[in-house]
Amino acid sequence: MLEARGLAAIRGERLIFRDISFRVGLGEALVLVGPNGAGKSSLIRLVAGLTPPASGELLWDGADALDDPPLHATRLCFVGHADAIKPGLSVAENLGLDRRRPRALVLEALASVDLERFADLPARLLSSGQRRRLALSRLALSASPLWLLDEPTTGLDAASVRRLEANIAKHLGRGGMVIAATHLPLDLPGARPFDLAGQAA
Amino acid sequence: MKPFLALIRRELILALRHAGDSVASLLFFVIAASLFAFAIGPSANVLSGIAPGVVWVIALLAALLPLNRLFAADFEDGSLDQLMLSGLPASGVAMGKIIGHWLTTGLPLLLIAGPVAVMLRLGGDAVPQLLATLLPGTMLLSLVGGMSAAVTLGARGGTVLLPLIALPLMIPAVIFGAAGAVAQSPYAELAMLGGLLALFLPIAPLAAGAALQAAVG
């Protein structure tokens with residue numbers, strides 16, 4: 001279980017939010033909402049361990065999660081607003097260059113976002129929505145319990161959004177956890193909205 | 001160890017797919033060395049005297065060329081976030097990238113340094129000694145340069161700042177390296193280069209890792 005206690009973030013000289021506390025248990029989803037600049041991305045990067053919190057603590061099963069960042073990183077799969085795609089690599093290679101990973105697993109992950117036909121195409125040929133889907137296919141490949149999604153639906157068509165919702169629902173059904181920042185309402189069973197507006201000083 | 005080797009493999013494959021970057025620094029090395037030959041004239045006496053120093057300095061400058069993209073490309077497209085979350089400590093990510101830089105820039109420079117030195121009229125028997133000093137020299141530049149690239153990541157004017165940080169740190173290596181290339185018995189100089197390597201081998205990845213954490217944070 002993930003628990004945040006009194007988290008605060010400062011960017012530059014500006015306090016973005018403070019006193020953020022929440023709990024995400026097994027099979028639960030938290031949907032961060034709030035206007036631009038409310039700190040949704042900052043909170044997600046903070047939970048990922050990319051940014052140290054200005055104050056407060058992040059607990060994983062009761063222990064400090066940020067004590068051991070490499071260990072914390074294995075618990076989560078992060079899809080940021082940048083797609084992290086190398087145009088020179090093929091679509092399949094972008095999911096990792098581990099030769100021992102069975103190709104069937106990679107194709108299965110690509111199938112979860114309907115990209116398996118393009119597996120051997122250079123990623124530079126993908127459209128921006130397809131690049132987004134490729135970034136999201138990392139979720140299907142990861143075995144991590146916590147998914148951190150920063151505006152996952154940007155550039156996705158309606159069918160892809162529904163596919164993403166289905167993938168998230170499946171993950172929650174397996175006892176996974178999801179924290180997503182989004183402007184579009186995501187149709188997720190039992191997702192709790194968490195409003196970041198007005199949390200700044 | 002697995003994510004670390006995967007990172008180095010990724011660096012090599014990316015370098016092969018974008019071979020232009022590595023080839024550009026090799027071409028710079030060859031062209032800059034030939035400019036010396038053209039400017040100073042073909043006199044074997046003068047050229048062979050300055051050849052080791054010229055090769056050393058130009059190899060450093062050539063190895064600097066791809067450094068400003070070492071972390072910046074991954075920083076801009078979000079790959080650096082994924083690398084930082086790959087289960088490696090930040091210093092491990094930095095070390096993987098530094099080794100990648102040496103394999104794709106330092107090693108090719110080392111291979112081509114021999115012919116370039118011969119072009120500058122250095123006697124064939126003096127070439128192995130020059131290469132023996134350049135081997136730790138290019139490794140040092142990858143370490144020092146990788147550290148500087150991480151420190152200047154995301155900074156305004158980082159492209160200019162990077163050589164201004166890296167080159168002064170390389171002065172001891174240049175002094176001992178170029179001296180060792182022409183010394184009667186280069187063991188003292190090689191030992192000094194080895195000492196510098198032993199100094200930067202732990203410091204550079206740790207400093208670069210801390211800088212990467214600050215950059216993505």
# chains A, B, ... in the order shown; residues from 1 in each chain; ligands from 1
>>> closest_atom_pairs(of="chain B", to="chain A", cutoff="7 Å", atoms="only C-alpha atoms", output="JSON lines")
{"residue": "B:Ala6", "atom": "CA", "partner": "A:Asp98", "partner_atom": "CA", "distance": 6.3}
{"residue": "B:Arg10", "atom": "CA", "partner": "A:Leu97", "partner_atom": "CA", "distance": 6.5}
{"residue": "B:Leu14", "atom": "CA", "partner": "A:Gly88", "partner_atom": "CA", "distance": 6.9}
{"residue": "B:Arg17", "atom": "CA", "partner": "A:Gly88", "partner_atom": "CA", "distance": 6.0}
{"residue": "B:Asp77", "atom": "CA", "partner": "A:Ala84", "partner_atom": "CA", "distance": 5.0}
{"residue": "B:Gly78", "atom": "CA", "partner": "A:Ala84", "partner_atom": "CA", "distance": 4.3}
{"residue": "B:Ser79", "atom": "CA", "partner": "A:Ala84", "partner_atom": "CA", "distance": 4.3}
{"residue": "B:Leu85", "atom": "CA", "partner": "A:Ala73", "partner_atom": "CA", "distance": 4.9}
{"residue": "B:Ser86", "atom": "CA", "partner": "A:Ala73", "partner_atom": "CA", "distance": 6.6}
{"residue": "B:Gly87", "atom": "CA", "partner": "A:Pro70", "partner_atom": "CA", "distance": 4.4}
{"residue": "B:Leu88", "atom": "CA", "partner": "A:Pro70", "partner_atom": "CA", "distance": 5.6}
{"residue": "B:Pro89", "atom": "CA", "partner": "A:Pro70", "partner_atom": "CA", "distance": 5.5}
{"residue": "B:Val216", "atom": "CA", "partner": "A:Leu50", "partner_atom": "CA", "distance": 6.4}
{"residue": "B:Gly217", "atom": "CA", "partner": "A:Thr51", "partner_atom": "CA", "distance": 4.0}
>>> residues_around(residues="Ala181 (chain B)", least_positions_apart="3", cutoff="12 Å", atoms="only C-alpha atoms", output="ChimeraX atom specification")
/B:48-56,117,122-123,125-135,137,173-178,184-190,193
>>> write_last_selection(atoms="C-alpha atoms", output="PDB file, in the first residue's frame")
ATOM      1  CA  SER B  48      57.250  14.611 -35.674  1.00  0.00           C
ATOM      2  CA  GLY B  49      58.242  16.762 -32.696  1.00  0.00           C
ATOM      3  CA  ILE B  50      54.760  18.139 -32.170  1.00  0.00           C
ATOM      4  CA  ALA B  51      52.815  15.063 -33.341  1.00  0.00           C
ATOM      5  CA  PRO B  52      52.224  13.430 -29.925  1.00  0.00           C
ATOM      6  CA  GLY B  53      50.977  16.667 -28.364  1.00  0.00           C
ATOM      7  CA  VAL B  54      48.820  17.512 -31.362  1.00  0.00           C
ATOM      8  CA  VAL B  55      47.264  14.045 -31.443  1.00  0.00           C
ATOM      9  CA  TRP B  56      46.573  14.222 -27.712  1.00  0.00           C
ATOM     10  CA  ALA B 117      50.162  10.148 -35.909  1.00  0.00           C
ATOM     11  CA  LEU B 122      55.661  10.327 -36.043  1.00  0.00           C
ATOM     12  CA  GLY B 123      57.960   7.320 -36.372  1.00  0.00           C
ATOM     13  CA  ASP B 125      58.083   2.759 -33.468  1.00  0.00           C
ATOM     14  CA  ALA B 126      56.807   5.690 -31.355  1.00  0.00           C
ATOM     15  CA  VAL B 127      53.149   5.033 -32.153  1.00  0.00           C
ATOM     16  CA  PRO B 128      52.517   2.191 -29.649  1.00  0.00           C
ATOM     17  CA  GLN B 129      53.802   4.377 -26.816  1.00  0.00           C
ATOM     18  CA  LEU B 130      51.495   7.211 -27.893  1.00  0.00           C
ATOM     19  CA  LEU B 131      48.532   4.830 -27.985  1.00  0.00           C
ATOM     20  CA  ALA B 132      49.476   3.441 -24.559  1.00  0.00           C
ATOM     21  CA  THR B 133      49.055   6.945 -23.119  1.00  0.00           C
ATOM     22  CA  LEU B 134      45.916   7.672 -25.146  1.00  0.00           C
ATOM     23  CA  LEU B 135      44.160   4.554 -23.837  1.00  0.00           C
ATOM     24  CA  GLY B 137      43.610   9.395 -21.702  1.00  0.00           C
ATOM     25  CA  ALA B 173      46.079  14.157 -18.080  1.00  0.00           C
ATOM     26  CA  VAL B 174      47.351  16.145 -21.076  1.00  0.00           C
ATOM     27  CA  ILE B 175      50.623  17.014 -19.300  1.00  0.00           C
ATOM     28  CA  PHE B 176      51.404  13.442 -18.290  1.00  0.00           C
ATOM     29  CA  GLY B 177      49.942  11.874 -21.398  1.00  0.00           C
ATOM     30  CA  ALA B 178      51.837  13.988 -23.915  1.00  0.00           C
ATOM     31  CA  GLN B 184      62.408   7.428 -22.857  1.00  0.00           C
ATOM     32  CA  SER B 185      60.705   5.324 -20.281  1.00  0.00           C
ATOM     33  CA  PRO B 186      57.028   6.270 -19.849  1.00  0.00           C
ATOM     34  CA  TYR B 187      56.256   4.245 -16.734  1.00  0.00           C
ATOM     35  CA  ALA B 188      56.081   7.200 -14.348  1.00  0.00           C
ATOM     36  CA  GLU B 189      53.711   9.065 -16.658  1.00  0.00           C
ATOM     37  CA  LEU B 190      51.573   5.979 -17.211  1.00  0.00           C
ATOM     38  CA  LEU B 193      47.543   8.541 -15.721  1.00  0.00           C
TER      39      LEU B 193
END
>>> closest_residue(among="B:Ala207, B:Ala113, B:Ile13, B:Leu47", to="Ala62 (chain B)", atoms="only C-alpha atoms")
B:Ala113
>>> atom_distance(atom1="CA of Trp102 (chain B)", atom2="CA of Leu60 (chain B)")
11.8 Å
>>> closest_residue(among="B:Pro66, B:Pro42, B:Pro205, B:Gly194", to="Val144 (chain B)", atoms="only C-alpha atoms")
B:Pro205
>>> closest_residue(among="A:Thr153, A:Ser142, A:Thr182, A:Ser127", to="Val33 (chain A)", atoms="only C-alpha atoms")
A:Thr182
>>> residues_around(residues="Leu162 (chain B)", least_positions_apart="2", cutoff="8 Å", atoms="only C-alpha atoms", output="list of chain:residue names")
B:Asn68, B:Gly145, B:Ser148, B:Ala149, B:Thr152, B:Gly158, B:Thr159, B:Val160, B:Leu164, B:Ile165, B:Ala166
>>> write_last_selection(atoms="N, CA and C atoms", output="JSON list (two decimals), in the first residue's frame")
[["chain", "number", "residue", "atom", "x", "y", "z"],
["B", 68, "ASN", "N", 27.88, 16.90, -25.55],
["B", 68, "ASN", "CA", 26.74, 17.73, -25.16],
["B", 68, "ASN", "C", 25.41, 17.06, -25.48],
["B", 145, "GLY", "N", 34.42, 14.17, -18.96],
["B", 145, "GLY", "CA", 33.45, 14.78, -19.87],
["B", 145, "GLY", "C", 32.03, 14.37, -19.52],
["B", 148, "SER", "N", 30.99, 16.37, -16.60],
["B", 148, "SER", "CA", 30.69, 17.76, -16.98],
["B", 148, "SER", "C", 29.37, 17.83, -17.74],
["B", 149, "ALA", "N", 29.12, 16.84, -18.60],
["B", 149, "ALA", "CA", 27.87, 16.85, -19.37],
["B", 149, "ALA", "C", 26.68, 16.74, -18.44],
["B", 152, "THR", "N", 26.16, 20.11, -16.57],
["B", 152, "THR", "CA", 25.63, 21.21, -17.38],
["B", 152, "THR", "C", 24.28, 20.86, -18.00],
["B", 158, "GLY", "N", 24.71, 25.43, -21.83],
["B", 158, "GLY", "CA", 25.44, 24.24, -21.41],
["B", 158, "GLY", "C", 26.49, 23.80, -22.42],
["B", 159, "THR", "N", 26.19, 24.04, -23.70],
["B", 159, "THR", "CA", 27.12, 23.62, -24.76],
["B", 159, "THR", "C", 28.47, 24.32, -24.62],
["B", 160, "VAL", "N", 28.43, 25.59, -24.22],
["B", 160, "VAL", "CA", 29.68, 26.34, -24.04],
["B", 160, "VAL", "C", 30.32, 25.99, -22.71],
["B", 164, "LEU", "N", 34.31, 24.21, -20.96],
["B", 164, "LEU", "CA", 34.97, 25.08, -19.98],
["B", 164, "LEU", "C", 35.15, 24.36, -18.65],
["B", 165, "ILE", "N", 34.27, 23.39, -18.35],
["B", 165, "ILE", "CA", 34.43, 22.61, -17.12],
["B", 165, "ILE", "C", 35.36, 21.43, -17.37],
["B", 166, "ALA", "N", 35.18, 20.75, -18.50],
["B", 166, "ALA", "CA", 35.90, 19.49, -18.73],
["B", 166, "ALA", "C", 37.38, 19.73, -19.05]]
